[in-house]
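Asks: One structure, as structure tokens, below. Some questions next.
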Amino acid sequence: MGAAENGGDPRLKAISDAIRVVPHFPKPGIMFHDITTLLLDHKAFKDTVDLFVERYRDMGISIVAGIEARGFIFGPSIALGIGAKFVPLRKPGKLPGKIISEPYELEYGTDQLEMHVGAVQPGERTIIIDDLVATGGTLSAAIRLLERFQAEVVECACVVGSPVVQGECELKEKPLFVLVEPHH
Amino acid sequence: MILAFVPWLVDANNRARPDWTGIEARGFIFGPPIALAIGAKFVPLRKPGKLPGEVISEDYVLEYGKDCLQMHIGAVQPEERALVVDDLIATGGTLCAAMNLLERVGAEVVECACVIELPDLKGRERLKGKPLYVLVESH
């Protein structure tokens with residue numbers, strides 16, 4: 001679901017307006033939603049974090065998993081706000097300890113997402129954070145990583161995304177919560 | 001920890017809002033919560049090719065080879081007071097590159113802040129005389 005469906009929280013317009021679109025990045029045809037401009041607007045950035053904290057604070061969430069690297073910008077603040085641990089999910093070779101790895105498909109080829117062994121315990125209630133969801137491929141890999149250690153993925157949360165993920169939606173029927181939809 | 005991080009001189013008529021710049025990617029874990037807590041903007045400094053808009057780049061030397069750090073043009077205005085945060089300072093090369101980026105656009109780097117310092121690598125000496133604030137040392 002999208003936050004806009006909740007009767008339109010007045011904070012959402014400023015959040016959406018603060019995100020700029022950079023056409024044809026990283027390649028022609030892609031309208032890239034750049035959240036760095038949101039980070040320059042202290043109130044809108046704070047409201048972004050607050051909206052997620054308000055949603056998740058009473059849901060018994062003990063882990064916020066954030067996807068490298070833009071998920072790291074939002075995830076820790078949300079974790080701190082709801083009293084949860086923060087677990088970074090990273091590209092290969094970045095995490096120094098023992099890891100598990102999950103492949104996922106790119107448009108051309110595959111990539112891997114990794115998580116430290118021991119970061120997550122069975123039964124822990126988890127949310128996954130990224131700045132934006134497109135096809136859902138990265139989020140799906142994140143779900144698989146967490147479920148391999150029997151964590152319970154409660155929801156995926158992104159600042160930007162279509163509430164109904166287009167293309168190969170593989171979110172394993174996990175709910176997806178987005179604050180704002182992509183600009184058109 | 002967060003509120004004690006940096007003391008500000010705040011002019012009642014003209015609040016000097018600091019920027020908090022964080023270095024990809026572990027700097028992104030600590031920088032934003034601190035920026036939010038002190039009312040500052042957060043500016044990510046990234047490896048090449050990640051920032052979508054117009055950027056300035058700063059090359060720096062690694063133990064073997066070189067690397068490059070980038071910042072969006074327009075993120076920081078001249079005379080803005082800036083802090084640079086990373087999880088760890090080792091040789092200081094990355095922090096020095098970050099400081100150079102900020103100073104090239106006319107910002108004033110007030111301090112660098114890291115969770116961990118490896119003091120044996122003397123990174124503190126590469127910060128062009130700017131102060132360094134760390135929470136823990138590791139030898």
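Residues in the structure tokens are named by chain (A, B, ... in the order shown) and by number from 1 within that chain; ligands are numbered from 1 in the order shown.
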Just list as an MDAnalysis selection string whatever in segment 27-131 of chain B DSSP marks as strand (DSSP E or B).
Replies: chainID B and resid 41:46 55:61 66:72 81:89 108:117
Asks: Counting only C-alpha atoms, what is within 12 Å of His33 of chain A, bar same-chain residues fewer than 5 positions away, as a VMD selection string?
Replies: (chain A and resid 16 to 26 38 70 131 to 134 159 to 161 180 to 184) or (chain B and resid 51 to 53)
Asks: Can you check which residues of chain A have any atom within 10 Å of chain B? Use only C-alpha atoms and format it as JSON, numbers by chain.
Replies: {"A": [20, 21, 22, 23, 24, 25, 26, 32, 33, 34, 36, 37, 38, 39, 40, 41, 42, 43, 45, 46, 49, 66, 68, 69, 70, 71, 72, 73, 74, 75, 76, 77, 78, 80, 81, 86, 88, 90, 94]}
Asks: What is the distance between atom CA of Val153 of chain A and atom CA of Ile127 of chain A, in Å to one decimal?
Replies: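 Here the two named atoms are 5.8 Å from each other.
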Asks: Using atom CA of Ser162 of chain A and atom CA of Leu179 of chain A as the two end points, give the distance in Å to one decimal.
Replies: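 Between atom CA of Ser162 of chain A and atom CA of Leu179 of chain A the gap works out to 9.4 Å.
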Asks: Please list as JSON, numbers by chain every residue within 12 Å of Ser140 of chain A, counting only C-alpha atoms and excluding residues in the same chain fewer than 6 positions away.
Replies: {"A": [67, 102, 103, 104, 105, 112, 113, 128, 129, 130, 133, 134, 146, 147, 153, 155, 156, 165, 168, 169, 170, 171, 172, 173, 174, 175, 176]}
Asks: Given the selection you just returned, output its residues as a file containing N, CA, C and O atoms, formatted as a JSON list (two decimals), in the first residue's frame.
Replies:
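Written output follows (out-v6.json):
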```
[["chain", "number", "residue", "atom", "x", "y", "z"],
["A", 67, "ILE", "N", 19.25, -1.92, 2.51],
["A", 67, "ILE", "CA", 19.97, -2.39, 1.33],
["A", 67, "ILE", "C", 20.98, -1.34, 0.91],
["A", 67, "ILE", "O", 20.64, -0.17, 0.71],
["A", 102, "GLU", "N", 22.97, -14.20, -1.53],
["A", 102, "GLU", "CA", 21.78, -14.52, -2.31],
["A", 102, "GLU", "C", 21.88, -13.84, -3.66],
["A", 102, "GLU", "O", 22.02, -12.62, -3.74],
["A", 103, "PRO", "N", 21.82, -14.60, -4.74],
["A", 103, "PRO", "CA", 21.90, -13.98, -6.06],
["A", 103, "PRO", "C", 20.55, -13.38, -6.46],
["A", 103, "PRO", "O", 19.50, -13.81, -5.99],
["A", 104, "TYR", "N", 20.60, -12.38, -7.33],
["A", 104, "TYR", "CA", 19.38, -11.85, -7.89],
["A", 104, "TYR", "C", 19.67, -11.36, -9.29],
["A", 104, "TYR", "O", 20.82, -11.09, -9.65],
["A", 105, "GLU", "N", 18.59, -11.23, -10.08],
["A", 105, "GLU", "CA", 18.78, -10.92, -11.49],
["A", 105, "GLU", "C", 18.79, -9.44, -11.74],
["A", 105, "GLU", "O", 17.98, -8.69, -11.21],
["A", 112, "GLN", "N", 24.78, -10.11, -6.34],
["A", 112, "GLN", "CA", 24.60, -10.84, -5.09],
["A", 112, "GLN", "C", 24.35, -9.84, -3.98],
["A", 112, "GLN", "O", 24.88, -8.73, -3.99],
["A", 113, "LEU", "N", 23.56, -10.29, -3.01],
["A", 113, "LEU", "CA", 23.35, -9.50, -1.80],
["A", 113, "LEU", "C", 23.81, -10.36, -0.63],
["A", 113, "LEU", "O", 23.54, -11.57, -0.59],
["A", 128, "ILE", "N", 12.38, -4.40, 5.74],
["A", 128, "ILE", "CA", 13.48, -4.17, 4.80],
["A", 128, "ILE", "C", 13.29, -2.79, 4.19],
["A", 128, "ILE", "O", 12.19, -2.47, 3.73],
["A", 129, "ILE", "N", 14.35, -2.01, 4.19],
["A", 129, "ILE", "CA", 14.27, -0.62, 3.72],
["A", 129, "ILE", "C", 15.18, -0.42, 2.51],
["A", 129, "ILE", "O", 16.35, -0.85, 2.52],
["A", 130, "ASP", "N", 14.65, 0.27, 1.49],
["A", 130, "ASP", "CA", 15.49, 0.78, 0.41],
["A", 130, "ASP", "C", 14.91, 2.13, 0.01],
["A", 130, "ASP", "O", 13.78, 2.46, 0.37],
["A", 133, "VAL", "N", 11.86, 1.17, -4.97],
["A", 133, "VAL", "CA", 11.63, -0.16, -5.53],
["A", 133, "VAL", "C", 11.23, -0.01, -6.99],
["A", 133, "VAL", "O", 10.37, 0.81, -7.32],
["A", 134, "ALA", "N", 11.86, -0.79, -7.84],
["A", 134, "ALA", "CA", 11.53, -0.80, -9.26],
["A", 134, "ALA", "C", 10.93, -2.17, -9.61],
["A", 134, "ALA", "O", 9.75, -2.40, -9.47],
["A", 146, "LEU", "N", 16.86, -13.01, 4.64],
["A", 146, "LEU", "CA", 16.33, -13.00, 6.00],
["A", 146, "LEU", "C", 15.58, -14.29, 6.32],
["A", 146, "LEU", "O", 15.68, -14.83, 7.42],
["A", 147, "GLU", "N", 14.86, -14.81, 5.35],
["A", 147, "GLU", "CA", 14.09, -16.03, 5.59],
["A", 147, "GLU", "C", 14.98, -17.25, 5.72],
["A", 147, "GLU", "O", 14.60, -18.24, 6.37],
["A", 153, "VAL", "N", 9.76, -11.66, 7.76],
["A", 153, "VAL", "CA", 9.73, -10.37, 7.07],
["A", 153, "VAL", "C", 8.30, -9.84, 7.14],
["A", 153, "VAL", "O", 7.39, -10.41, 6.54],
["A", 155, "GLU", "N", 7.30, -6.56, 6.39],
["A", 155, "GLU", "CA", 6.97, -5.65, 5.28],
["A", 155, "GLU", "C", 8.26, -5.14, 4.65],
["A", 155, "GLU", "O", 9.30, -5.11, 5.29],
["A", 156, "CYS", "N", 8.14, -4.77, 3.37],
["A", 156, "CYS", "CA", 9.20, -4.02, 2.69],
["A", 156, "CYS", "C", 8.76, -2.57, 2.61],
["A", 156, "CYS", "O", 7.58, -2.28, 2.36],
["A", 165, "VAL", "N", 4.07, -3.29, -7.68],
["A", 165, "VAL", "CA", 5.37, -3.33, -8.36],
["A", 165, "VAL", "C", 5.20, -3.89, -9.76],
["A", 165, "VAL", "O", 4.66, -4.97, -9.94],
["A", 168, "GLU", "N", 8.51, -8.03, -13.02],
["A", 168, "GLU", "CA", 8.58, -9.28, -12.29],
["A", 168, "GLU", "C", 8.48, -9.02, -10.79],
["A", 168, "GLU", "O", 9.48, -8.85, -10.11],
["A", 169, "CYS", "N", 7.25, -9.00, -10.32],
["A", 169, "CYS", "CA", 7.08, -8.74, -8.89],
["A", 169, "CYS", "C", 7.33, -10.02, -8.13],
["A", 169, "CYS", "O", 6.57, -10.96, -8.22],
["A", 170, "GLU", "N", 8.42, -10.08, -7.39],
["A", 170, "GLU", "CA", 8.76, -11.32, -6.71],
["A", 170, "GLU", "C", 8.79, -11.14, -5.20],
["A", 170, "GLU", "O", 9.55, -11.79, -4.52],
["A", 171, "LEU", "N", 7.97, -10.24, -4.69],
["A", 171, "LEU", "CA", 8.10, -9.95, -3.27],
["A", 171, "LEU", "C", 7.49, -11.03, -2.39],
["A", 171, "LEU", "O", 7.23, -10.80, -1.22],
["A", 172, "LYS", "N", 7.27, -12.21, -2.94],
["A", 172, "LYS", "CA", 6.81, -13.36, -2.18],
["A", 172, "LYS", "C", 5.58, -13.01, -1.34],
["A", 172, "LYS", "O", 5.44, -13.45, -0.22],
["A", 173, "GLU", "N", 4.71, -12.23, -1.92],
["A", 173, "GLU", "CA", 3.46, -11.83, -1.27],
["A", 173, "GLU", "C", 3.68, -11.07, 0.02],
["A", 173, "GLU", "O", 2.79, -10.98, 0.86],
["A", 174, "LYS", "N", 4.87, -10.55, 0.24],
["A", 174, "LYS", "CA", 5.08, -9.68, 1.38],
["A", 174, "LYS", "C", 4.50, -8.31, 1.06],
["A", 174, "LYS", "O", 4.63, -7.84, -0.07],
["A", 175, "PRO", "N", 3.92, -7.67, 2.03],
["A", 175, "PRO", "CA", 3.41, -6.33, 1.75],
["A", 175, "PRO", "C", 4.53, -5.35, 1.45],
["A", 175, "PRO", "O", 5.64, -5.46, 1.96],
["A", 176, "LEU", "N", 4.20, -4.38, 0.62],
["A", 176, "LEU", "CA", 5.13, -3.31, 0.25],
["A", 176, "LEU", "C", 4.50, -1.98, 0.63],
["A", 176, "LEU", "O", 3.36, -1.71, 0.27]]
```
Asks: Using only C-alpha atoms, which of the listed residues (A:Phe177, A:Gly136, A:Ser101, A:Pro92) sits closest to Arg55 of chain A?
Replies: A:Phe177
Asks: Just how far from atom CA of Pro78 of chain B is atom CA of Val105 of chain B, in Å to one decimal?
Replies: 5.9 Å
Asks: Enumerate, as an MDAnalysis selection string, the complete set of residues in segment 30-169 of chain A that a backbone-based DSSP assignment places in helix (DSSP H, G or I).
Replies: chainID A and resid 36:39 42:56 71:82 137:148
Asks: Which neighbours of Gly123 of chain A fall inside 7 Å, counting only C-alpha atoms, when residues of the same chain fewer than 5 positions from it are skipped, and could you give them as a ChimeraX atom specification?
Replies: /A:150-152
